[in-house]
file data.txt (compact mmCIF, C-alpha atoms)
# COMPACT_ATOMS: atom_id res chain seq x y z
CA MET A 1 -25.99 -3.09 97.99
CA ALA A 2 -22.73 -1.26 97.42
CA LYS A 3 -19.93 -1.96 99.89
CA MET A 4 -19.84 0.64 102.68
CA TYR A 5 -17.01 1.57 105.03
CA TYR A 6 -17.02 3.55 108.27
CA GLU A 7 -14.52 4.77 110.85
CA GLN A 8 -14.01 1.28 112.28
CA ASP A 9 -12.94 0.10 108.82
CA CYS A 10 -10.26 2.79 108.40
CA ASP A 11 -6.86 2.97 110.05
CA LEU A 12 -5.34 6.45 110.05
CA ASN A 13 -2.05 4.89 111.18
CA VAL A 14 -1.64 3.67 107.60
CA LEU A 15 -0.65 7.27 106.79
CA ASN A 16 2.04 7.44 109.49
CA GLY A 17 5.38 8.32 107.94
CA LYS A 18 3.75 9.26 104.64
CA LYS A 19 3.91 12.80 103.28
CA ILE A 20 0.80 13.93 101.45
CA ALA A 21 1.04 16.58 98.72
CA ILE A 22 -2.19 18.40 97.97
CA ILE A 23 -1.96 19.83 94.46
CA GLY A 24 -4.28 22.85 94.34
CA TYR A 25 -5.67 24.99 97.15
CA GLY A 26 -9.15 25.86 95.95
CA SER A 27 -12.43 24.56 97.29
CA GLN A 28 -11.48 20.91 97.72
CA GLY A 29 -7.74 21.53 98.11
CA HIS A 30 -7.94 23.79 101.14
CA ALA A 31 -10.49 21.50 102.81
CA HIS A 32 -8.50 18.30 102.30
CA ALA A 33 -5.25 19.92 103.40
CA GLN A 34 -6.68 21.44 106.57
CA ASN A 35 -8.70 18.37 107.55
CA LEU A 36 -5.76 16.04 107.03
CA ARG A 37 -3.49 18.28 109.06
CA ASP A 38 -6.03 18.43 111.86
CA SER A 39 -6.15 14.61 111.75
CA GLY A 40 -2.42 14.50 112.43
CA CYS A 41 -1.19 13.86 108.88
CA ASP A 42 1.97 15.28 107.31
CA VAL A 43 0.68 17.62 104.60
CA ILE A 44 2.38 19.90 102.08
CA VAL A 45 0.77 21.93 99.31
CA GLY A 46 1.94 22.10 95.68
CA LEU A 47 1.11 25.27 93.75
CA ARG A 48 2.21 27.84 91.26
CA LYS A 49 3.14 31.25 92.62
CA GLY A 50 0.06 33.42 93.15
CA LYS A 51 -2.80 34.17 95.51
CA SER A 52 -3.35 30.57 96.49
CA TRP A 53 0.34 30.22 97.37
CA ASP A 54 0.03 33.19 99.71
CA LYS A 55 -3.21 31.87 101.21
CA ALA A 56 -1.81 28.38 101.87
CA THR A 57 1.30 29.92 103.42
CA GLN A 58 -0.84 32.14 105.65
CA ASP A 59 -2.75 29.03 106.70
CA GLY A 60 0.51 27.57 107.96
CA PHE A 61 1.36 25.03 105.26
CA THR A 62 4.71 24.31 103.69
CA VAL A 63 4.10 25.35 100.08
CA LEU A 64 6.30 24.10 97.25
CA THR A 65 6.15 24.20 93.49
CA VAL A 66 4.23 21.27 92.06
CA PRO A 67 7.36 19.35 90.91
CA GLU A 68 8.98 19.85 94.31
CA ALA A 69 5.87 18.73 96.15
CA VAL A 70 5.51 15.59 94.02
CA LYS A 71 9.15 14.68 94.58
CA ALA A 72 8.79 15.09 98.34
CA ALA A 73 5.49 13.24 98.73
CA ASP A 74 4.42 9.65 99.11
CA ILE A 75 0.81 10.43 98.20
CA VAL A 76 0.04 13.03 95.51
CA VAL A 77 -3.54 14.29 95.40
CA MET A 78 -4.70 16.13 92.27
CA LEU A 79 -7.28 18.68 93.44
CA VAL A 80 -7.27 21.08 90.50
CA ASN A 81 -9.97 21.62 87.89
CA ASP A 82 -10.58 18.69 85.55
CA GLU A 83 -9.71 20.78 82.51
CA ARG A 84 -6.34 21.83 83.95
CA ALA A 85 -5.28 18.60 85.60
CA ALA A 86 -3.88 16.87 82.51
CA ALA A 87 -1.57 19.75 81.60
CA ILE A 88 -0.34 20.08 85.19
CA TYR A 89 0.23 16.34 85.33
CA GLN A 90 2.28 16.32 82.12
CA GLU A 91 4.26 19.45 82.99
CA SER A 92 4.94 18.93 86.67
CA VAL A 93 3.84 15.56 88.00
CA ALA A 94 4.64 12.74 85.57
CA ALA A 95 8.44 13.01 85.66
CA ASN A 96 8.45 13.10 89.46
CA LEU A 97 5.94 10.32 90.10
CA THR A 98 8.36 7.53 90.99
CA ALA A 99 7.63 3.89 91.81
CA GLY A 100 5.89 3.28 95.13
CA LYS A 101 4.04 6.57 95.30
CA ALA A 102 0.25 6.94 95.19
CA LEU A 103 -1.69 9.26 92.90
CA ALA A 104 -5.16 10.29 94.05
CA PHE A 105 -8.11 12.21 92.63
CA ALA A 106 -11.43 13.55 93.90
CA HIS A 107 -13.11 12.82 90.54
CA GLY A 108 -12.42 10.19 87.90
CA PHE A 109 -12.70 12.34 84.76
CA ASN A 110 -9.06 12.40 83.71
CA ILE A 111 -8.54 8.70 84.40
CA ARG A 112 -11.80 7.62 82.75
CA TYR A 113 -11.07 9.57 79.57
CA GLN A 114 -7.33 8.80 79.62
CA GLN A 115 -6.21 12.40 79.83
CA ILE A 116 -3.90 11.16 82.58
CA VAL A 117 -2.31 7.72 82.26
CA PRO A 118 -0.24 6.97 85.37
CA PRO A 119 2.70 4.54 85.32
CA ALA A 120 1.97 0.97 86.36
CA ASP A 121 4.18 1.11 89.47
CA VAL A 122 2.09 3.62 91.45
CA ASP A 123 -1.19 3.24 93.30
CA VAL A 124 -4.10 5.17 91.80
CA PHE A 125 -7.21 5.82 93.87
CA MET A 126 -10.14 8.18 94.18
CA ALA A 127 -11.36 9.87 97.36
CA ALA A 128 -14.45 11.80 96.32
CA PRO A 129 -16.47 13.80 98.86
CA LYS A 130 -20.07 14.19 97.75
CA GLY A 131 -20.18 17.86 98.59
CA PRO A 132 -18.31 21.12 97.94
CA GLY A 133 -15.06 21.85 99.73
CA HIS A 134 -16.42 24.45 102.14
CA THR A 135 -18.86 21.80 103.38
CA VAL A 136 -16.12 19.19 103.68
CA ARG A 137 -14.28 21.63 105.95
CA SER A 138 -17.24 22.93 107.96
CA GLN A 139 -18.60 19.44 108.62
CA TYR A 140 -15.18 18.27 109.78
CA VAL A 141 -14.83 21.23 112.15
CA ALA A 142 -18.29 20.44 113.52
CA GLY A 143 -17.20 16.87 114.29
CA LYS A 144 -19.13 15.43 111.37
CA GLY A 145 -18.25 14.47 107.81
CA VAL A 146 -19.37 14.49 104.19
CA PRO A 147 -20.12 11.07 102.62
CA CYS A 148 -17.42 9.98 100.20
CA LEU A 149 -16.87 7.58 97.34
CA VAL A 150 -13.75 5.43 97.22
CA ALA A 151 -12.32 3.65 94.19
CA VAL A 152 -9.04 1.90 93.46
CA GLU A 153 -7.97 2.12 89.84
CA GLN A 154 -4.47 0.69 90.27
CA ASN A 155 -3.18 -1.35 93.21
CA ALA A 156 0.58 -1.46 92.68
CA SER A 157 1.40 -1.69 96.39
CA GLY A 158 -1.31 -4.16 97.32
CA ARG A 159 -2.49 -1.66 99.94
CA ALA A 160 -4.17 0.99 97.81
CA LEU A 161 -7.60 0.50 99.38
CA GLU A 162 -6.16 0.75 102.90
CA ILE A 163 -4.40 3.97 101.98
CA ALA A 164 -7.51 5.38 100.31
CA LEU A 165 -9.72 4.57 103.30
CA ALA A 166 -7.20 6.10 105.70
CA TYR A 167 -7.05 9.22 103.54
CA ILE A 168 -10.84 9.57 103.52
CA ALA A 169 -10.91 9.07 107.29
CA GLY A 170 -8.37 11.89 107.49
CA ILE A 171 -10.67 14.32 105.68
CA GLY A 172 -13.64 13.24 107.81
CA GLY A 173 -15.55 11.17 105.28
CA ALA A 174 -15.57 7.99 107.37
CA ARG A 175 -17.66 9.79 110.00
CA ALA A 176 -20.52 9.84 107.50
CA GLY A 177 -19.87 6.77 105.36
CA ILE A 178 -17.76 5.69 102.40
CA MET A 179 -19.25 3.89 99.40
CA GLU A 180 -17.05 1.78 97.17
CA THR A 181 -17.32 2.27 93.42
CA THR A 182 -15.06 2.54 90.36
CA MET A 183 -13.60 5.64 88.77
CA HIS A 184 -15.38 4.65 85.56
CA ASP A 185 -18.81 4.51 87.23
CA GLU A 186 -18.24 7.59 89.39
CA THR A 187 -17.30 9.68 86.39
CA GLU A 188 -20.21 8.64 84.20
CA THR A 189 -22.88 8.84 86.91
CA ASP A 190 -21.49 12.15 88.23
CA LEU A 191 -21.53 13.78 84.80
CA PHE A 192 -24.98 12.37 84.08
CA GLY A 193 -26.42 13.58 87.38
CA GLU A 194 -24.95 17.06 86.96
CA GLN A 195 -26.13 17.48 83.39
CA THR A 196 -29.60 15.97 83.49
CA VAL A 197 -30.78 16.71 87.02
CA LEU A 198 -28.63 18.64 89.51
CA CYS A 199 -27.30 21.46 87.36
CA GLY A 200 -28.59 21.30 83.79
CA GLY A 201 -32.05 19.90 84.46
CA VAL A 202 -32.88 21.80 87.64
CA VAL A 203 -31.53 25.13 86.38
CA ASP A 204 -33.53 24.88 83.15
CA LEU A 205 -36.65 23.87 85.07
CA MET A 206 -36.33 26.79 87.50
CA GLN A 207 -35.63 29.21 84.65
CA CYS A 208 -38.67 28.04 82.68
CA GLY A 209 -40.94 28.34 85.72
CA PHE A 210 -39.64 31.83 86.48
CA GLU A 211 -40.13 32.96 82.87
CA VAL A 212 -43.66 31.53 82.56
CA LEU A 213 -44.83 33.36 85.70
CA CYS A 214 -43.18 36.64 84.65
CA GLU A 215 -44.61 36.39 81.12
CA ALA A 216 -48.06 35.86 82.69
CA GLY A 217 -47.70 39.17 84.53
CA TYR A 218 -46.67 38.04 88.01
CA ALA A 219 -44.00 39.96 89.92
CA PRO A 220 -40.50 38.56 89.30
CA GLU A 221 -39.92 38.55 93.06
CA ASN A 222 -42.88 36.20 93.51
CA ALA A 223 -41.65 34.05 90.65
CA TYR A 224 -38.18 33.84 92.21
CA PHE A 225 -39.49 32.75 95.60
CA GLU A 226 -41.89 30.16 94.20
CA CYS A 227 -39.67 28.58 91.54
CA ILE A 228 -36.13 29.09 92.82
CA HIS A 229 -35.78 30.01 96.49
CA GLU A 230 -38.05 27.21 97.72
CA MET A 231 -36.05 24.61 95.79
CA LYS A 232 -33.56 24.33 98.67
CA LEU A 233 -36.32 23.89 101.22
CA ILE A 234 -37.79 21.00 99.22
CA ILE A 235 -34.41 19.36 98.61
CA ASP A 236 -33.53 19.58 102.30
CA LEU A 237 -36.66 17.56 103.09
CA ILE A 238 -35.80 14.95 100.45
CA ASN A 239 -32.20 14.80 101.66
CA LYS A 240 -33.35 13.97 105.19
CA GLY A 241 -36.12 11.49 104.49
CA GLY A 242 -36.67 10.89 100.80
CA ILE A 243 -39.64 12.00 98.72
CA ALA A 244 -42.00 10.55 101.34
CA ALA A 245 -40.62 13.05 103.88
CA MET A 246 -41.20 15.88 101.45
CA ASN A 247 -44.78 14.78 100.80
CA TYR A 248 -45.39 14.45 104.53
CA SER A 249 -44.25 18.04 105.08
CA ILE A 250 -45.96 19.77 102.17
CA SER A 251 -49.70 20.31 101.86
CA ASP A 252 -51.96 17.66 100.37
CA THR A 253 -52.79 20.21 97.69
CA ALA A 254 -49.13 20.40 96.71
CA GLU A 255 -48.80 16.62 96.74
CA PHE A 256 -51.88 16.24 94.54
CA GLY A 257 -50.38 18.75 92.11
CA GLU A 258 -47.16 16.72 92.12
CA TYR A 259 -49.02 13.67 90.86
CA ILE A 260 -51.12 15.32 88.16
CA SER A 261 -48.85 18.10 86.88
CA GLY A 262 -45.31 16.76 87.21
CA PRO A 263 -45.76 14.25 84.37
CA ARG A 264 -47.40 16.97 82.22
CA VAL A 265 -44.36 19.20 82.53
CA LEU A 266 -41.84 16.36 82.30
CA PRO A 267 -43.35 13.48 80.29
CA HIS A 268 -41.42 10.45 81.50
CA ASP A 269 -40.93 8.67 78.17
CA GLN A 270 -39.67 11.79 76.43
CA ILE A 271 -37.45 12.88 79.34
CA LYS A 272 -35.92 9.42 79.72
CA ALA A 273 -35.20 9.23 75.99
CA ASN A 274 -33.42 12.59 76.18
CA MET A 275 -31.53 11.47 79.27
CA ARG A 276 -30.40 8.27 77.54
CA ALA A 277 -28.99 10.41 74.71
CA VAL A 278 -27.03 12.48 77.24
CA LEU A 279 -25.77 9.31 78.92
CA ALA A 280 -24.64 7.93 75.56
CA ASP A 281 -22.57 11.07 74.94
CA ILE A 282 -20.94 10.62 78.34
CA GLN A 283 -20.28 6.92 77.83
CA ASP A 284 -18.76 7.21 74.36
CA GLY A 285 -16.59 10.21 75.27
CA SER A 286 -18.41 12.76 73.11
CA PHE A 287 -19.09 15.09 76.04
CA ALA A 288 -15.54 14.80 77.35
CA GLY A 289 -14.15 15.50 73.89
CA ARG A 290 -16.31 18.58 73.54
CA TRP A 291 -15.27 19.90 76.97
CA ILE A 292 -11.59 19.28 76.29
CA ALA A 293 -11.88 21.04 72.92
CA GLU A 294 -13.79 23.93 74.51
CA ASN A 295 -10.89 24.57 76.86
CA LYS A 296 -8.32 24.35 74.09
CA ASN A 297 -10.26 26.84 71.96
CA GLY A 298 -10.69 29.68 74.43
CA ARG A 299 -14.00 28.68 76.04
CA THR A 300 -16.01 30.87 73.66
CA PHE A 301 -19.27 28.96 74.08
CA PHE A 302 -18.80 28.43 77.82
CA ASN A 303 -18.02 32.08 78.53
CA SER A 304 -20.88 33.37 76.39
CA LYS A 305 -23.40 31.16 78.18
CA ARG A 306 -22.08 32.20 81.58
CA ALA A 307 -22.37 35.88 80.62
CA LEU A 308 -25.95 35.43 79.37
CA LEU A 309 -26.97 33.65 82.56
CA ALA A 310 -25.56 36.47 84.71
CA LYS A 311 -27.85 38.94 82.92
CA HIS A 312 -30.99 36.82 83.18
CA PRO A 313 -33.74 38.47 85.28
CA MET A 314 -33.92 35.49 87.64
CA GLU A 315 -30.27 36.07 88.57
CA VAL A 316 -30.62 39.83 88.84
CA VAL A 317 -33.82 39.67 90.92
CA GLY A 318 -32.47 36.80 92.98
CA LYS A 319 -29.36 38.71 93.99
CA GLN A 320 -31.40 41.76 94.95
CA LEU A 321 -33.67 39.65 97.14
CA ARG A 322 -30.81 37.78 98.79
CA ASP A 323 -29.01 41.04 99.52
CA ASN A 324 -32.06 42.28 101.40
CA MET A 325 -33.04 39.17 103.32
CA LEU A 326 -31.97 38.26 106.84
CA TRP A 327 -31.65 34.59 105.87
CA LYS A 328 -28.74 35.31 103.54
CA ASP A 329 -25.55 33.56 104.70
CA SER A 330 -22.87 36.23 104.50
CA ALA A 331 -20.17 33.58 104.63
CA ASP A 332 -21.34 32.19 101.31
CA GLY A 333 -22.50 35.33 99.49
CA ASP A 334 -22.69 35.19 95.72
CA LYS A 335 -19.08 34.37 95.02
CA GLY A 336 -19.45 30.77 93.86
CA LEU A 337 -19.13 28.19 96.60
CA ASP A 338 -17.23 25.48 94.77
CA SER A 339 -14.44 27.20 92.90
CA ALA A 340 -11.60 24.73 92.46
CA SER A 341 -8.93 27.08 91.15
CA ASN A 342 -5.51 26.78 92.71
call {"tool": "encode", "arguments": {"input": "data.txt", "output": "structure tokens"}}
result
Amino acid sequence: MAKMYYEQDCDLNVLNGKKIAIIGYGSQGHAHAQNLRDSGCDVIVGLRKGKSWDKATQDGFTVLTVPEAVKAADIVVMLVNDERAAAIYQESVAANLTAGKALAFAHGFNIRYQQIVPPADVDVFMAAPKGPGHTVRSQYVAGKGVPCLVAVEQNASGRALEIALAYIAGIGGARAGIMETTMHDETETDLFGEQTVLCGGVVDLMQCGFEVLCEAGYAPENAYFECIHEMKLIIDLINKGGIAAMNYSISDTAEFGEYISGPRVLPHDQIKANMRAVLADIQDGSFAGRWIAENKNGRTFFNSKRALLAKHPMEVVGKQLRDNMLWKDSADGDKGLDSASN
């Protein structure tokens, strides 16, 4: 069983007298900054001039340029997109990251693939909420928290874990639970889960189901509800009580279909072989290299795929249905809930 920590294991007083610089004010950045401030921490925000600068200022934060924020801070938290973090680190962070400071991340990508190589005289840790930033904030405001992962990559001070746990308590994660891992394992399992199940696998599965029903002559609205909308309802059941809770709540007919048709659609041996190939690309750096190159070369593939998806009937029909349903959450809308731009 992985080591778990809770509020009683975290001492927020560890952060007393320490200035925390949040680099980036997107989804995670705004949530961390606001939660930490509400927990009594000394928080500043490091940004480039622009909309986020204005937003952070309006929210009452002292906003500095990234080099200024790094110089002023004891703990520097990189909460910008993976693909932008290395350049920002080289341009604005590295020269100002002096001995005794701590450098933190919410994801291990740039450390795992050595896009960022911190000096040996600073602490390096990860505080990774397992949820998007708007949820990190809303759960905190509600008196709850989002579960987090903690990892110490470099323990120059001898107190890196204490600092990391205090930081996670400050953003509310200790209210839910903190699981200890490594940045290596977090990165590889996170990328694998996103690509094979949560994003890549589920999206392809929903799209195929939608297309098969539409091609068979069923109304696209029916196809959307059956193959896409209900996905959240099923996942909510699993999230609360595992697959057994889902099976308890669905009909016996649906459960019987699960047993006989699931393996027909997704033959285990074939799927697992494909998943192992994806995992190998993650482990040997092939995926990271491709993503880094994609960003250096103008994101041609990425942007073309995003544009095609936006035009797909399941997206068009889905938006029309959501716009006309009372269950739509107007606070979320269709604007992308986990944008991490600064």
call {"tool": "closest_residue", "arguments": {"input": "data.txt", "among": "A:Gly24, A:Ala174, A:Val278, A:Val124", "to": "Gln8 (chain A)", "atoms": "only C-alpha atoms"}}
result
A:Ala174
call {"tool": "closest_residue", "arguments": {"input": "data.txt", "among": "A:Ser138, A:Gln270, A:Ser249, A:Ser157", "to": "Asp123 (chain A)", "atoms": "all atoms listed in the file"}}
result
A:Ser157
call {"tool": "atom_distance", "arguments": {"input": "data.txt", "atom1": "CA of Ala223 (chain A)", "atom2": "CA of Val317 (chain A)"}}
result
9.6 Å
call {"tool": "atom_distance", "arguments": {"input": "data.txt", "atom1": "CA of Leu149 (chain A)", "atom2": "CA of Ala164 (chain A)"}}
result
10.1 Å
call {"tool": "residues_near_point", "arguments": {"input": "data.txt", "point": "(-1.9, 5.3, 108.6)", "cutoff": "12 Å", "atoms": "only C-alpha atoms", "output": "list in words"}}
result
Cys10, Asp11, Leu12, Asn13, Val14, Leu15, Asn16, Gly17, Lys18, Lys19, Ile20, Leu36, Ser39, Gly40, Cys41, Asp42, Ile75, Arg159, Ala160, Leu161, Glu162, Ile163, Ala164, Leu165, Ala166, Tyr167, Ile168, Ala169 and Gly170 of chain A
call {"tool": "residues_around", "arguments": {"input": "data.txt", "residues": "Gln58 (chain A)", "least_positions_apart": "6", "cutoff": "12 Å", "atoms": "only C-alpha atoms", "output": "list in words"}}
result
His30, Lys51 and Ser52 of chain A
call {"tool": "atom_distance", "arguments": {"input": "data.txt", "atom1": "CA of Ala128 (chain A)", "atom2": "CA of Phe105 (chain A)"}}
result
7.3 Å
call {"tool": "residues_around", "arguments": {"input": "data.txt", "residues": "His312 (chain A)", "least_positions_apart": "3", "cutoff": "12 Å", "atoms": "only C-alpha atoms", "output": "PyMOL selection string"}}
result
chain A and resi 207-208+210-211+220+224+305-309+315-319
call {"tool": "residues_around", "arguments": {"input": "data.txt", "residues": "region 80-95 of chain A", "least_positions_apart": "4", "cutoff": "8 Å", "atoms": "all atoms listed in the file", "output": "list in words"}}
result
Ile23, Gly24, Tyr25, Gly26, Gly29, Val66, Pro67, Val70, Phe109, Asn110, Gln115, Ile116, Pro118, Trp291, Ile292, Asn295, Ala340, Ser341 and Asn342 of chain A
call {"tool": "axis_aligned_box", "arguments": {"input": "data.txt", "around": "region 35-54 of chain A", "padding_each_side": "3 Å", "output": "AutoDock Vina command-line options"}}
result
--center_x -2.8 --center_y 24.0 --center_z 101.8 --size_x 17.8 --size_y 26.3 --size_z 27.2
call {"tool": "closest_residue", "arguments": {"input": "data.txt", "among": "A:Asn35, A:Arg48, A:Ile271, A:Asp323", "to": "Tyr140 (chain A)", "atoms": "all atoms listed in the file"}}
result
A:Asn35
call {"tool": "residues_near_point", "arguments": {"input": "data.txt", "point": "(-19.4, 4.3, 94.0)", "cutoff": "9 Å", "atoms": "all atoms listed in the file", "output": "list in words"}}
result
Ala2, Lys3, Cys148, Leu149, Val150, Ala151, Ile178, Met179, Glu180, Thr181, Thr182, Met183, Asp185 and Glu186 of chain A
call {"tool": "decode", "arguments": {"input": "data.txt", "residues": "region 254-266 of chain A", "atoms": "N, CA, C and O atoms", "output": "PDB file, in the first residue's frame"}}
result
ATOM      1  N   ALA A 254     -28.150  -4.457 -18.353  1.00  0.00           N
ATOM      2  CA  ALA A 254     -26.934  -3.725 -18.696  1.00  0.00           C
ATOM      3  C   ALA A 254     -25.700  -4.456 -18.188  1.00  0.00           C
ATOM      4  O   ALA A 254     -24.677  -4.545 -18.879  1.00  0.00           O
ATOM      5  N   GLU A 255     -25.794  -5.025 -16.981  1.00  0.00           N
ATOM      6  CA  GLU A 255     -24.649  -5.739 -16.428  1.00  0.00           C
ATOM      7  C   GLU A 255     -24.350  -6.996 -17.243  1.00  0.00           C
ATOM      8  O   GLU A 255     -23.175  -7.319 -17.502  1.00  0.00           O
ATOM      9  N   PHE A 256     -25.394  -7.702 -17.666  1.00  0.00           N
ATOM     10  CA  PHE A 256     -25.187  -8.880 -18.511  1.00  0.00           C
ATOM     11  C   PHE A 256     -24.501  -8.479 -19.818  1.00  0.00           C
ATOM     12  O   PHE A 256     -23.570  -9.153 -20.280  1.00  0.00           O
ATOM     13  N   GLY A 257     -24.946  -7.371 -20.406  1.00  0.00           N
ATOM     14  CA  GLY A 257     -24.314  -6.882 -21.629  1.00  0.00           C
ATOM     15  C   GLY A 257     -22.864  -6.508 -21.413  1.00  0.00           C
ATOM     16  O   GLY A 257     -22.015  -6.699 -22.303  1.00  0.00           O
ATOM     17  N   GLU A 258     -22.560  -5.991 -20.226  1.00  0.00           N
ATOM     18  CA  GLU A 258     -21.164  -5.662 -19.873  1.00  0.00           C
ATOM     19  C   GLU A 258     -20.272  -6.893 -19.997  1.00  0.00           C
ATOM     20  O   GLU A 258     -19.168  -6.838 -20.549  1.00  0.00           O
ATOM     21  N   TYR A 259     -20.777  -8.022 -19.495  1.00  0.00           N
ATOM     22  CA  TYR A 259     -19.960  -9.232 -19.449  1.00  0.00           C
ATOM     23  C   TYR A 259     -19.788  -9.880 -20.818  1.00  0.00           C
ATOM     24  O   TYR A 259     -18.720 -10.432 -21.116  1.00  0.00           O
ATOM     25  N   ILE A 260     -20.833  -9.830 -21.660  1.00  0.00           N
ATOM     26  CA  ILE A 260     -20.732 -10.546 -22.930  1.00  0.00           C
ATOM     27  C   ILE A 260     -20.247  -9.667 -24.091  1.00  0.00           C
ATOM     28  O   ILE A 260     -19.668 -10.184 -25.044  1.00  0.00           O
ATOM     29  N   SER A 261     -20.475  -8.353 -24.006  1.00  0.00           N
ATOM     30  CA  SER A 261     -20.151  -7.504 -25.154  1.00  0.00           C
ATOM     31  C   SER A 261     -18.895  -6.665 -24.968  1.00  0.00           C
ATOM     32  O   SER A 261     -18.232  -6.316 -25.953  1.00  0.00           O
ATOM     33  N   GLY A 262     -18.580  -6.334 -23.710  1.00  0.00           N
ATOM     34  CA  GLY A 262     -17.359  -5.551 -23.485  1.00  0.00           C
ATOM     35  C   GLY A 262     -16.122  -6.198 -24.094  1.00  0.00           C
ATOM     36  O   GLY A 262     -15.386  -5.562 -24.863  1.00  0.00           O
ATOM     37  N   PRO A 263     -15.879  -7.487 -23.816  1.00  0.00           N
ATOM     38  CA  PRO A 263     -14.707  -8.150 -24.386  1.00  0.00           C
ATOM     39  C   PRO A 263     -14.776  -8.304 -25.911  1.00  0.00           C
ATOM     40  O   PRO A 263     -13.735  -8.472 -26.559  1.00  0.00           O
ATOM     41  N   ARG A 264     -15.983  -8.278 -26.492  1.00  0.00           N
ATOM     42  CA  ARG A 264     -16.085  -8.329 -27.958  1.00  0.00           C
ATOM     43  C   ARG A 264     -15.606  -7.017 -28.577  1.00  0.00           C
ATOM     44  O   ARG A 264     -14.930  -7.015 -29.611  1.00  0.00           O
ATOM     45  N   VAL A 265     -15.974  -5.920 -27.945  1.00  0.00           N
ATOM     46  CA  VAL A 265     -15.568  -4.608 -28.460  1.00  0.00           C
ATOM     47  C   VAL A 265     -14.099  -4.349 -28.171  1.00  0.00           C
ATOM     48  O   VAL A 265     -13.365  -3.808 -29.019  1.00  0.00           O
ATOM     49  N   LEU A 266     -13.660  -4.738 -26.982  1.00  0.00           N
ATOM     50  CA  LEU A 266     -12.280  -4.476 -26.556  1.00  0.00           C
ATOM     51  C   LEU A 266     -11.632  -5.790 -26.132  1.00  0.00           C
ATOM     52  O   LEU A 266     -11.527  -6.088 -24.942  1.00  0.00           O
TER      53      LEU A 266
END
